[in-house]
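Source file: run02.txt (compact mmCIF, C-alpha atoms)
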```txt
# COMPACT_ATOMS: atom_id res chain seq x y z
CA MET A 617 45.01 144.38 65.97
CA SER A 618 48.49 143.50 67.01
CA ASN A 619 50.19 140.25 66.27
CA LYS A 620 49.71 137.35 68.67
CA ALA A 621 52.47 134.90 69.51
CA LEU A 622 50.04 131.99 69.20
CA SER A 623 49.19 132.69 65.56
CA ALA A 624 52.90 132.93 64.72
CA GLY A 625 53.52 129.44 66.14
CA LEU A 626 55.30 130.86 69.18
CA GLY A 627 54.65 130.33 72.86
CA ASN A 628 55.62 132.24 75.97
CA CYS A 629 57.15 130.26 78.84
CA PRO A 630 54.91 130.79 81.89
CA GLN A 631 57.85 130.67 84.31
CA CYS A 632 60.66 132.72 82.78
CA HIS A 633 58.67 134.52 80.04
CA LYS A 634 61.06 133.39 77.32
CA LEU A 635 59.59 133.27 73.83
CA ASN A 636 59.81 129.76 72.36
CA VAL A 637 59.08 128.33 68.95
CA MET A 638 56.34 125.76 69.52
CA HIS A 639 57.11 122.48 67.76
CA THR A 640 54.60 120.38 69.59
CA GLU A 641 51.63 121.16 71.76
CA LYS A 642 53.65 120.55 74.92
CA GLN A 643 57.35 121.24 75.15
CA ALA A 644 60.19 122.24 77.47
CA CYS A 645 61.28 125.87 77.55
CA SER A 646 64.68 126.34 75.89
CA ARG A 647 65.82 128.51 78.81
CA CYS A 648 64.36 127.20 82.07
CA LYS A 649 63.28 123.68 80.99
CA THR A 650 59.72 124.07 82.28
CA LEU A 651 57.21 121.92 80.43
CA PHE A 652 54.49 124.19 79.10
CA PHE A 653 51.73 124.70 76.54
CA ALA A 654 51.05 127.75 74.35
CA ARG A 655 47.86 128.13 76.43
CA LYS A 656 47.19 126.46 79.75
CA PRO A 657 45.30 123.27 78.82
CA LYS A 658 41.70 123.08 80.10
CA SER A 659 42.23 126.43 81.85
CA ILE A 660 38.54 127.31 82.08
CA GLU A 661 37.58 123.83 83.28
CA TYR A 662 40.14 123.89 86.10
CA THR A 663 39.25 127.44 87.09
CA LEU A 664 35.56 126.54 87.14
CA ALA A 665 36.21 123.47 89.28
CA TRP A 666 38.28 125.35 91.86
CA THR A 667 35.81 128.25 91.94
CA ILE A 668 32.86 125.94 92.57
CA ALA A 669 34.86 124.18 95.30
CA ALA A 670 35.55 127.58 96.87
CA LEU A 671 31.89 128.55 96.63
CA VAL A 672 30.87 125.31 98.36
CA MET A 673 33.39 125.98 101.15
CA PHE A 674 32.06 129.51 101.56
CA ILE A 675 28.79 128.11 102.96
CA PRO A 676 30.13 126.16 105.98
CA ALA A 677 32.70 128.91 106.54
CA ASN A 678 29.80 131.28 107.24
CA ILE A 679 27.51 128.85 109.06
CA TYR A 680 29.99 127.39 111.56
CA PRO A 681 31.59 129.58 114.23
CA MET A 682 35.08 130.96 113.62
CA MET A 683 36.05 131.09 117.28
CA VAL A 684 34.65 130.36 120.72
CA PHE A 685 35.13 132.99 123.41
CA TYR A 686 35.19 131.61 126.99
CA THR A 687 34.55 134.11 129.80
CA LEU A 688 34.66 132.53 133.28
CA GLY A 689 34.02 129.13 131.68
CA LYS A 690 30.96 130.31 129.72
CA PRO A 691 31.37 129.61 125.98
CA ASP A 692 30.25 132.16 123.38
CA ALA A 693 30.65 131.02 119.78
CA SER A 694 30.48 133.49 116.89
CA THR A 695 30.47 133.16 113.12
CA ILE A 696 32.04 135.71 110.77
CA LEU A 697 28.96 137.91 110.51
CA GLU A 698 28.09 137.59 114.22
CA GLY A 699 31.65 138.60 115.08
CA ILE A 700 31.30 141.69 112.92
CA ALA A 701 27.97 142.56 114.57
CA ILE A 702 29.64 142.30 118.00
CA PHE A 703 32.38 144.72 116.95
CA ILE A 704 29.83 147.23 115.72
CA GLN A 705 27.98 146.96 119.05
CA LEU A 706 31.26 147.50 120.93
CA GLY A 707 31.86 150.63 118.86
CA MET A 708 34.98 149.29 117.15
CA LEU A 709 33.89 150.34 113.68
CA PRO A 710 37.35 150.33 111.95
CA VAL A 711 37.97 146.69 112.94
CA ALA A 712 34.45 145.74 111.92
CA ILE A 713 34.97 147.29 108.48
CA ILE A 714 38.39 145.65 107.97
CA ILE A 715 37.11 142.22 108.98
CA PHE A 716 33.93 142.62 106.93
CA ILE A 717 35.89 143.54 103.80
CA ALA A 718 38.67 140.97 104.29
CA SER A 719 36.55 137.98 105.21
CA PHE A 720 33.22 138.56 103.49
CA VAL A 721 33.37 141.08 100.64
CA VAL A 722 36.76 140.01 99.25
CA PRO A 723 36.16 136.22 99.09
CA LEU A 724 32.70 136.66 97.60
CA GLY A 725 33.97 139.34 95.22
CA LYS A 726 36.78 137.06 94.13
CA ILE A 727 34.40 134.22 93.35
CA ILE A 728 32.11 136.56 91.37
CA GLY A 729 35.17 138.03 89.62
CA LEU A 730 36.37 134.57 88.60
CA PHE A 731 32.96 133.69 87.19
CA THR A 732 32.94 137.00 85.25
CA LEU A 733 36.41 136.27 83.85
CA MET A 734 35.43 132.77 82.78
CA TYR A 735 32.30 134.12 81.10
CA SER A 736 34.24 136.88 79.31
CA SER A 737 36.75 134.39 77.95
CA LYS A 738 33.93 132.45 76.26
CA LYS A 739 31.36 135.05 75.23
CA PRO A 740 31.52 138.71 74.22
CA THR A 741 30.79 140.97 77.19
CA LYS A 742 30.23 144.65 77.82
CA LEU A 743 33.49 144.88 79.76
CA THR A 744 36.38 146.29 77.74
CA LEU A 745 39.58 144.26 77.50
CA LYS A 746 41.39 146.71 79.78
CA GLN A 747 38.72 146.26 82.45
CA GLN A 748 38.93 142.48 82.11
CA GLY A 749 42.72 142.63 82.46
CA LYS A 750 42.36 144.84 85.52
CA LEU A 751 39.78 142.47 87.02
CA TYR A 752 42.20 139.57 86.62
CA HIS A 753 44.94 141.62 88.30
CA ILE A 754 42.68 142.47 91.25
CA VAL A 755 41.59 138.84 91.68
CA GLU A 756 45.22 137.73 91.60
CA PHE A 757 46.38 140.45 93.99
CA LEU A 758 43.62 139.85 96.55
CA GLY A 759 44.45 136.12 96.82
CA PRO A 760 46.51 136.08 100.01
CA TRP A 761 44.66 138.94 101.72
CA SER A 762 41.62 136.78 102.44
CA MET A 763 43.82 134.84 104.87
CA LEU A 764 43.72 137.88 107.18
CA ASP A 765 40.88 136.58 109.32
CA VAL A 766 42.55 133.19 109.72
CA PHE A 767 45.70 134.85 111.04
CA VAL A 768 43.70 137.15 113.33
CA VAL A 769 41.86 134.21 114.90
CA THR A 770 45.11 132.23 115.22
CA VAL A 771 46.91 135.06 117.00
CA MET A 772 43.91 135.77 119.23
CA ALA A 773 43.55 132.12 120.21
CA ALA A 774 47.26 131.84 121.04
CA VAL A 775 47.46 135.09 123.02
CA VAL A 776 44.12 135.05 124.86
CA ASN A 777 44.74 131.98 126.95
CA LEU A 778 44.34 132.98 130.59
CA GLY A 779 42.88 129.70 131.83
CA PHE A 780 39.48 129.99 133.49
CA LEU A 781 39.31 133.78 133.29
CA THR A 782 39.19 134.25 129.53
CA SER A 783 40.32 132.12 126.63
CA ILE A 784 39.61 131.91 122.92
CA GLU A 785 39.43 128.65 121.04
CA VAL A 786 39.59 128.12 117.30
CA ALA A 787 36.38 126.59 115.93
CA SER A 788 35.59 124.52 112.85
CA GLY A 789 34.46 127.37 110.58
CA ILE A 790 38.01 128.59 110.13
CA THR A 791 39.14 125.32 108.54
CA TYR A 792 36.52 125.70 105.81
CA PHE A 793 37.48 129.34 105.45
CA THR A 794 41.16 128.45 104.96
CA LEU A 795 40.24 125.84 102.36
CA MET A 796 38.08 128.37 100.54
CA VAL A 797 40.93 130.90 100.37
CA VAL A 798 43.38 128.27 99.10
CA PHE A 799 40.87 127.10 96.48
CA THR A 800 40.32 130.63 95.14
CA ILE A 801 44.10 131.10 94.85
CA PHE A 802 44.31 127.85 92.87
CA ALA A 803 41.43 129.04 90.68
CA ALA A 804 43.17 132.34 89.90
CA GLU A 805 46.42 130.46 89.19
CA SER A 806 44.79 128.09 86.70
CA PHE A 807 43.09 130.88 84.77
CA ASP A 808 44.94 131.92 81.61
CA PRO A 809 44.38 135.66 80.99
CA ARG A 810 45.46 135.29 77.35
CA LEU A 811 42.13 133.55 76.69
CA LEU A 812 40.42 136.92 77.21
CA TRP A 813 42.36 138.44 74.32
CA ASP A 814 41.89 135.33 72.17
CA ASN A 815 38.15 135.55 72.68
CA HIS A 816 38.11 139.26 71.92
CA GLN A 817 39.95 138.67 68.66
CA LYS A 818 37.64 135.81 67.75
CA HIS A 819 34.49 137.86 68.19
CA ASN A 820 35.70 141.15 66.76
CA HIS A 821 37.95 140.26 63.87
CA ASN A 822 37.18 136.73 62.76
CA THR A 823 40.74 136.41 61.58
CA VAL A 824 42.05 133.82 63.97
CA THR A 825 44.56 131.48 62.51
CA PRO A 826 43.96 127.77 63.18
CA TYR A 827 44.84 126.93 66.74
CA LYS A 828 47.20 124.02 66.19
CA GLU A 829 49.44 125.21 63.44
CA TYR A 830 53.06 125.03 64.42
CA LYS A 831 55.84 126.00 62.11
CA ASN A 832 58.24 123.11 61.85
CA THR A 833 60.33 124.67 59.13
CA ASP A 834 63.21 125.93 61.22
CA ASP A 835 64.21 123.28 63.72
CA LYS A 836 67.60 124.76 64.45
CA CYS A 837 66.25 127.73 66.33
CA HIS A 838 64.87 125.59 69.13
CA ASP A 839 68.18 124.08 70.27
CA LYS A 840 70.65 126.67 71.15
CA MET B 526 61.92 132.87 61.67
CA SER B 527 65.61 132.99 62.43
CA HIS B 528 67.31 132.36 65.71
CA SER B 529 68.36 135.93 66.36
CA SER B 530 64.93 137.38 65.73
CA ILE B 531 63.18 135.15 68.29
CA ASN B 532 65.67 136.20 70.95
CA ASN B 533 64.95 139.82 70.19
CA MET B 534 61.24 139.44 70.70
CA LEU B 535 58.94 138.72 73.57
CA ALA B 536 55.29 137.95 74.06
CA CYS B 537 53.20 139.69 76.70
CA HIS B 538 52.33 137.18 79.44
CA GLN B 539 48.87 138.68 79.79
CA CYS B 540 47.58 139.25 76.25
CA ASP B 541 50.14 137.28 74.16
CA SER B 542 51.05 140.20 71.86
CA LEU B 543 54.33 139.80 70.03
CA LEU B 544 56.59 142.72 70.79
CA PRO B 545 60.21 143.63 70.05
CA MET B 546 62.51 143.17 73.05
CA PRO B 547 62.96 146.66 74.54
CA LEU B 548 66.42 147.83 75.57
CA LEU B 549 66.17 149.38 79.01
CA ALA B 550 68.53 151.53 81.02
CA GLU B 551 68.87 150.84 84.75
CA GLY B 552 65.74 151.79 86.65
CA GLN B 553 63.40 151.70 83.64
CA LYS B 554 60.29 149.59 83.18
CA ALA B 555 58.72 148.15 80.03
CA TYR B 556 54.94 148.00 79.58
CA CYS B 557 52.88 146.14 77.00
CA GLY B 558 51.51 148.55 74.41
CA CYS B 559 48.44 146.41 73.86
CA CYS B 560 47.12 145.69 77.37
CA GLY B 561 49.34 147.78 79.66
CA ALA B 562 50.77 144.90 81.72
CA THR B 563 54.31 145.34 83.09
CA LEU B 564 56.65 143.25 80.95
CA PHE B 565 59.85 143.55 82.97
CA SER B 566 62.11 146.13 84.54
CA LYS B 567 65.83 146.62 84.83
CA LYS B 568 67.05 147.31 88.33
CA LYS B 569 70.06 149.05 89.80
CA ASP B 570 72.81 146.95 91.41
CA ALA B 571 70.32 144.08 91.72
CA ILE B 572 72.62 141.20 92.73
CA ASN B 573 74.47 142.93 95.59
CA ARG B 574 71.33 144.44 97.03
CA THR B 575 69.48 141.13 96.89
CA ILE B 576 72.34 139.38 98.73
CA ALA B 577 72.32 142.01 101.48
CA VAL B 578 68.56 142.00 101.96
CA ALA B 579 68.26 138.20 101.85
CA ILE B 580 70.97 137.72 104.50
CA ALA B 581 69.26 140.27 106.75
CA GLY B 582 65.93 138.52 106.21
CA LEU B 583 67.29 135.07 107.02
CA LEU B 584 68.87 136.36 110.25
CA LEU B 585 65.63 138.07 111.27
CA LEU B 586 63.66 134.87 110.75
CA PHE B 587 64.80 133.40 114.08
CA PRO B 588 63.67 136.24 116.38
CA ALA B 589 60.51 136.77 114.31
CA ILE B 590 59.49 133.14 114.71
CA LEU B 591 60.66 132.42 118.25
CA LEU B 592 60.21 135.64 120.25
CA PRO B 593 56.76 136.48 121.65
CA ILE B 594 54.87 138.86 119.37
CA ILE B 595 52.19 140.18 121.70
CA GLY B 596 51.05 139.34 125.20
CA ILE B 597 48.12 140.21 127.43
CA GLY B 598 47.73 140.50 131.16
CA ALA B 599 44.54 140.58 133.22
CA ALA B 600 43.88 140.05 136.94
CA GLY B 601 47.48 139.08 137.67
CA LEU B 602 47.64 136.50 134.91
CA TYR B 603 49.88 136.92 131.89
CA ASN B 604 50.19 135.13 128.58
CA ASP B 605 52.09 135.81 125.39
CA ALA B 606 52.54 134.00 122.11
CA SER B 607 55.13 133.69 119.39
CA LEU B 608 54.56 132.53 115.83
CA VAL B 609 55.70 129.02 116.76
CA GLY B 610 53.44 129.22 119.81
CA CYS B 611 50.44 129.94 117.57
CA ILE B 612 51.17 126.90 115.43
CA THR B 613 51.79 124.49 118.32
CA LEU B 614 48.53 125.64 119.90
CA LEU B 615 46.68 124.90 116.66
CA ILE B 616 48.23 121.42 116.59
CA ASP B 617 47.31 120.85 120.25
CA THR B 618 43.70 121.76 119.54
CA ARG B 619 43.71 119.42 116.51
CA ASN B 620 43.25 122.07 113.84
CA TYR B 621 45.78 120.40 111.60
CA ILE B 622 44.73 122.02 108.31
CA ILE B 623 45.05 125.57 109.66
CA ALA B 624 48.26 124.69 111.48
CA PHE B 625 49.72 123.40 108.22
CA ALA B 626 48.49 126.44 106.26
CA VAL B 627 49.86 128.94 108.80
CA PHE B 628 53.19 127.09 108.99
CA MET B 629 53.58 126.97 105.21
CA PHE B 630 52.50 130.55 104.47
CA THR B 631 54.35 132.34 107.28
CA ILE B 632 57.43 130.19 108.03
CA ALA B 633 58.28 127.53 105.45
CA ILE B 634 57.63 129.36 102.17
CA PRO B 635 59.18 132.73 103.18
CA THR B 636 62.28 130.89 104.47
CA VAL B 637 62.76 128.85 101.32
CA ARG B 638 62.08 131.92 99.19
CA LEU B 639 64.70 134.05 100.97
CA PHE B 640 67.20 131.21 100.87
CA THR B 641 66.58 130.70 97.15
CA ALA B 642 67.07 134.41 96.42
CA LEU B 643 70.33 134.41 98.39
CA TYR B 644 71.66 131.23 96.80
CA ILE B 645 70.96 132.33 93.24
CA SER B 646 72.41 135.80 93.81
CA LEU B 647 75.56 134.40 95.43
CA CYS B 648 76.09 131.94 92.58
CA ILE B 649 75.76 134.69 89.98
CA ARG B 650 77.92 137.07 92.01
CA PHE B 651 80.79 134.57 92.09
CA ASN B 652 80.18 133.25 88.56
CA ARG B 653 79.33 129.73 89.66
CA THR B 654 76.18 129.16 87.64
CA LYS B 655 75.05 125.57 87.29
CA PRO B 656 71.95 123.86 85.83
CA SER B 657 70.46 123.28 89.29
CA LEU B 658 69.94 127.04 89.58
CA LEU B 659 67.18 126.75 86.99
CA VAL B 660 65.18 124.59 89.38
CA PHE B 661 65.81 127.01 92.24
CA PHE B 662 64.77 130.05 90.27
CA ARG B 663 61.67 128.35 88.92
CA SER B 664 60.60 127.48 92.46
CA TYR B 665 61.20 131.11 93.46
CA HIS B 666 58.56 132.20 90.95
CA ILE B 667 56.02 129.73 92.32
CA LEU B 668 56.70 130.61 95.98
CA ASP B 669 56.16 134.31 95.32
CA THR B 670 52.36 133.86 95.30
CA TRP B 671 52.26 131.94 98.55
CA THR B 672 54.31 134.20 100.83
CA MET B 673 51.92 135.74 103.35
CA ILE B 674 54.06 137.48 105.96
CA HIS B 675 52.41 140.80 105.04
CA VAL B 676 48.94 139.37 105.65
CA PHE B 677 50.05 137.80 108.93
CA PHE B 678 51.45 141.15 110.05
CA MET B 679 48.15 142.85 109.21
CA GLY B 680 46.43 140.09 111.22
CA VAL B 681 48.66 140.89 114.21
CA ILE B 682 47.76 144.60 113.92
CA VAL B 683 44.03 143.82 113.87
CA SER B 684 44.43 141.48 116.87
CA MET B 685 46.33 144.18 118.75
CA TYR B 686 43.50 146.60 118.15
CA LYS B 687 40.96 144.04 119.34
CA LEU B 688 43.00 143.05 122.40
CA SER B 689 43.76 146.60 123.51
CA ALA B 690 40.05 146.99 124.32
CA LEU B 691 39.99 143.68 126.13
CA ALA B 692 43.00 143.64 128.45
CA ASP B 693 46.44 145.14 129.12
CA MET B 694 48.51 144.44 126.08
CA THR B 695 52.29 144.24 125.80
CA ILE B 696 54.41 144.18 122.69
CA GLY B 697 57.22 141.64 122.45
CA GLY B 698 60.48 141.60 120.50
CA GLY B 699 58.88 139.30 117.96
CA LEU B 700 56.74 142.12 116.61
CA LEU B 701 59.73 144.34 115.77
CA SER B 702 61.53 141.40 114.15
CA LEU B 703 58.39 140.60 112.19
CA VAL B 704 58.20 144.18 110.86
CA LEU B 705 61.85 144.05 109.77
CA LEU B 706 61.43 140.58 108.26
CA LEU B 707 58.43 141.82 106.31
CA LEU B 708 60.55 144.74 105.09
CA CYS B 709 63.31 142.38 103.92
CA SER B 710 60.89 139.96 102.31
CA THR B 711 59.27 142.79 100.34
CA LEU B 712 62.63 144.36 99.45
CA VAL B 713 63.82 141.06 97.95
CA SER B 714 61.00 141.27 95.41
CA VAL B 715 61.91 144.89 94.76
CA THR B 716 65.66 144.39 94.31
CA MET B 717 65.59 141.05 92.52
CA ASP B 718 65.92 141.54 88.75
CA GLN B 719 64.25 138.39 87.43
CA HIS B 720 64.61 139.25 83.77
CA SER B 721 68.37 139.78 83.85
CA ILE B 722 68.91 136.74 86.09
CA TRP B 723 67.14 134.53 83.56
CA HIS B 724 69.17 136.15 80.83
CA LYS B 725 72.41 135.53 82.71
CA LEU B 726 71.49 131.91 83.44
CA GLU B 727 70.70 131.38 79.78
CA GLU B 728 74.05 132.80 78.71
CA THR B 729 76.22 130.88 81.15
CA ILE B 730 74.55 127.47 81.33
CA GLU B 731 74.96 125.18 78.31
```

Structure translated into structure tokens:
Amino acid sequence: MSNKALSAGLGNCPQCHKLNVMHTEKQACSRCKTLFFARKPKSIEYTLAWTIAALVMFIPANIYPMMVFYTLGKPDASTILEGIAIFIQLGMLPVAIIIFIASFVVPLGKIIGLFTLMYSSKKPTKLTLKQQGKLYHIVEFLGPWSMLDVFVVTVMAAVVNLGFLTSIEVASGITYFTLMVVFTIFAAESFDPRLLWDNHQKHNHNTVTPYKEYKNTDDKCHDK
Amino acid sequence: MSHSSINNMLACHQCDSLLPMPLLAEGQKAYCGCCGATLFSKKKDAINRTIAVAIAGLLLLFPAILLPIIGIGAAGLYNDASLVGCITLLIDTRNYIIAFAVFMFTIAIPTVRLFTALYISLCIRFNRTKPSLLVFFRSYHILDTWTMIHVFFMGVIVSMYKLSALADMTIGGGLLSLVLLLLCSTLVSVTMDQHSIWHKLEETIE
């Protein structure tokens, strides 16, 4: 197994990726002055908290209507899944698929993915490290794309505004949906992927060096 | 561990493997041998290209935000909406959280991000590096995650498809500007050479 920076008393700056000698648990990067830790502190706890918050928001986001469609003054509210059903009835299958993936499959998949990642960083799993790394990448990449439905509803509500004839109004469900998307992005941000490799090493090699062992022998190399 | 050896090494940001600092020619990319994550890449003519693209992007911001993107007409009535129009409508209907989110993700953060890219590149181009650039460049890294012009554009496309079945749809100048702005915003990430900018800042400041 290759050498880890942590066991050599080194830490990678999360902002500029400069390798630093860790003197204390928390220190400023010698290049960009960011305060950082060798591993994000309480990474799993924060990720778990944000993920649960997102999961809670997912419920009202699906129960309450996303938008209200007024035709000749008659309101017609629809939730995410009802909206998709309407598109299928109208024969607009491509839109239905895009909306279904962007606003139902992706958010739920992201939450499941985050739970899987948190589990794999604590316990040995069947997933290989490469798959875990890929999963983290996908969760991180998908972050902003869940906002698609919010933008669609916003544009629709602003454009379809023909007074009594037809108009679309934004409804309360979308607020919960936005919060859910933001929470999942925060969850992915607070997860430290290096924990996956740490855990793998712990369970497969049993040769982890003590966590808090910093080499204080060469102080000169910190200050440039 | 001596001073020179730590500067010639790097740790993978994904799996924390210690690796020797690779020497790259222009246009090459370095990958982690352990987990396969991209470590960094060296780009061609990065500073000049970033300046050009960022200026173009900042100029395109105004038409993209203010001009109407799409409009619909039915039974003699007509209505269109710009990006600012969308946000003011959300505020009028008291959806403050969404209004704030849309404003931040599609206007505020992309603007600050483009401005930051331009400012840093200009300072390096004319050799005027100063410690405040560190703060700017750090914020650039954070803002990268929260730029959502590409998602907004996809949202406009989906809305267009939906609306075309509903009523007569027209395309405004805002849509073209939005496409070009999206192009510039993406190109900034492509042309910007973060690794060498950090390296340059480290060499010149202090």

task = For chain A, list the residues within 6 Å of chain B, counting only C-alpha atoms, and write the list as an MDAnalysis selection string.
result = chainID A and resid 619:621 635 647:648 761 764 767:768 774:775 809:810 813 837

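The shortest atom-to-atom distance to B:Leu701, with only C-alpha atoms taken into account, belongs to B:Ile590 out of B:Pro545, B:Ile590, B:Thr575, B:Ile634.
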
task = Tell me, in Å to one decimal, how far atom CA of A:Ser737 is from atom CA of A:Lys750.
result =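 Calculated distance between atom CA of A:Ser737 and atom CA of A:Lys750 is 14.1 Å.
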
request  = Fewer than 5 positions away in the same chain doesn't count, so skip those; otherwise give me all residues within 10 Å of A:Tyr662, counting all atoms listed in the file, as number ranges by chain.
outcome  = A: 656-657, 667-668, 802-807

Residue subset to file, keeping C-alpha atoms, as a tab-separated table (two decimals), in the frame of the given file:
```
chain	number	residue	atom	x	y	z
A	656	LYS	CA	47.19	126.46	79.75
A	657	PRO	CA	45.30	123.27	78.82
A	667	THR	CA	35.81	128.25	91.94
A	668	ILE	CA	32.86	125.94	92.57
A	802	PHE	CA	44.31	127.85	92.87
A	803	ALA	CA	41.43	129.04	90.68
A	804	ALA	CA	43.17	132.34	89.90
A	805	GLU	CA	46.42	130.46	89.19
A	806	SER	CA	44.79	128.09	86.70
A	807	PHE	CA	43.09	130.88	84.77
```

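Among A:Ile784, A:Lys818, A:Leu811, A:Ile727, the residue with the shortest atom-to-atom distance to A:Ala669, counting all atoms listed in the file, is A:Ile727.
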
Nearby residues (only C-alpha atoms) at most 12 Å from B:Arg653, same-chain spacing under 6 positions excluded, as number ranges by chain = B: 644-647, 725-726, 729-730

As AutoDock Vina command-line options: centre and edge lengths in Å, one decimal, of the axis-aligned box holding stretch 559-565 of chain B with 4 Å per side:
```
--center_x 53.5 --center_y 145.5 --center_z 78.5 --size_x 20.7 --size_y 12.5 --size_z 17.2
```

ask   = Using all atoms listed in the file, can you list as an NGL selection string the residues within 12 Å of (38.1, 149.9, 112.8)?
value = (:A and (700 or 703-704 or 706-717)) or (:B and (682-687))

task = Just give me the gap between atom CA of A:Ala693 and atom CA of A:Ile679 in Å, one decimal is fine.
result = 11.4 Å

inquiry  = Using only C-alpha atoms, can you tell me which of A:Tyr752, A:Phe685, A:Cys629, A:Lys649 comes closest to A:Val776?
reply    = A:Phe685

Can you tell me, as an mmCIF file with C-alpha atoms, in the frame of the given file, what residues are no more than 9 Å from A:Ile790 when counting all atoms listed in the file, ignoring any on the same chain fewer than 4 positions away?
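Below is the file out-v9.cif, written as the result:
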```cif
data_model
loop_
_atom_site.group_PDB
_atom_site.id
_atom_site.type_symbol
_atom_site.label_atom_id
_atom_site.label_comp_id
_atom_site.auth_asym_id
_atom_site.auth_seq_id
_atom_site.Cartn_x
_atom_site.Cartn_y
_atom_site.Cartn_z
ATOM 1 C CA ALA A 677 32.700 128.910 106.540
ATOM 2 C CA TYR A 680 29.990 127.390 111.560
ATOM 3 C CA PRO A 681 31.590 129.580 114.230
ATOM 4 C CA MET A 682 35.080 130.960 113.620
ATOM 5 C CA MET A 683 36.050 131.090 117.280
ATOM 6 C CA ASP A 765 40.880 136.580 109.320
ATOM 7 C CA VAL A 766 42.550 133.190 109.720
ATOM 8 C CA VAL A 769 41.860 134.210 114.900
ATOM 9 C CA VAL A 786 39.590 128.120 117.300
ATOM 10 C CA THR A 794 41.160 128.450 104.960
ATOM 11 C CA LEU A 795 40.240 125.840 102.360
ATOM 12 C CA ILE B 623 45.050 125.570 109.660
#
```
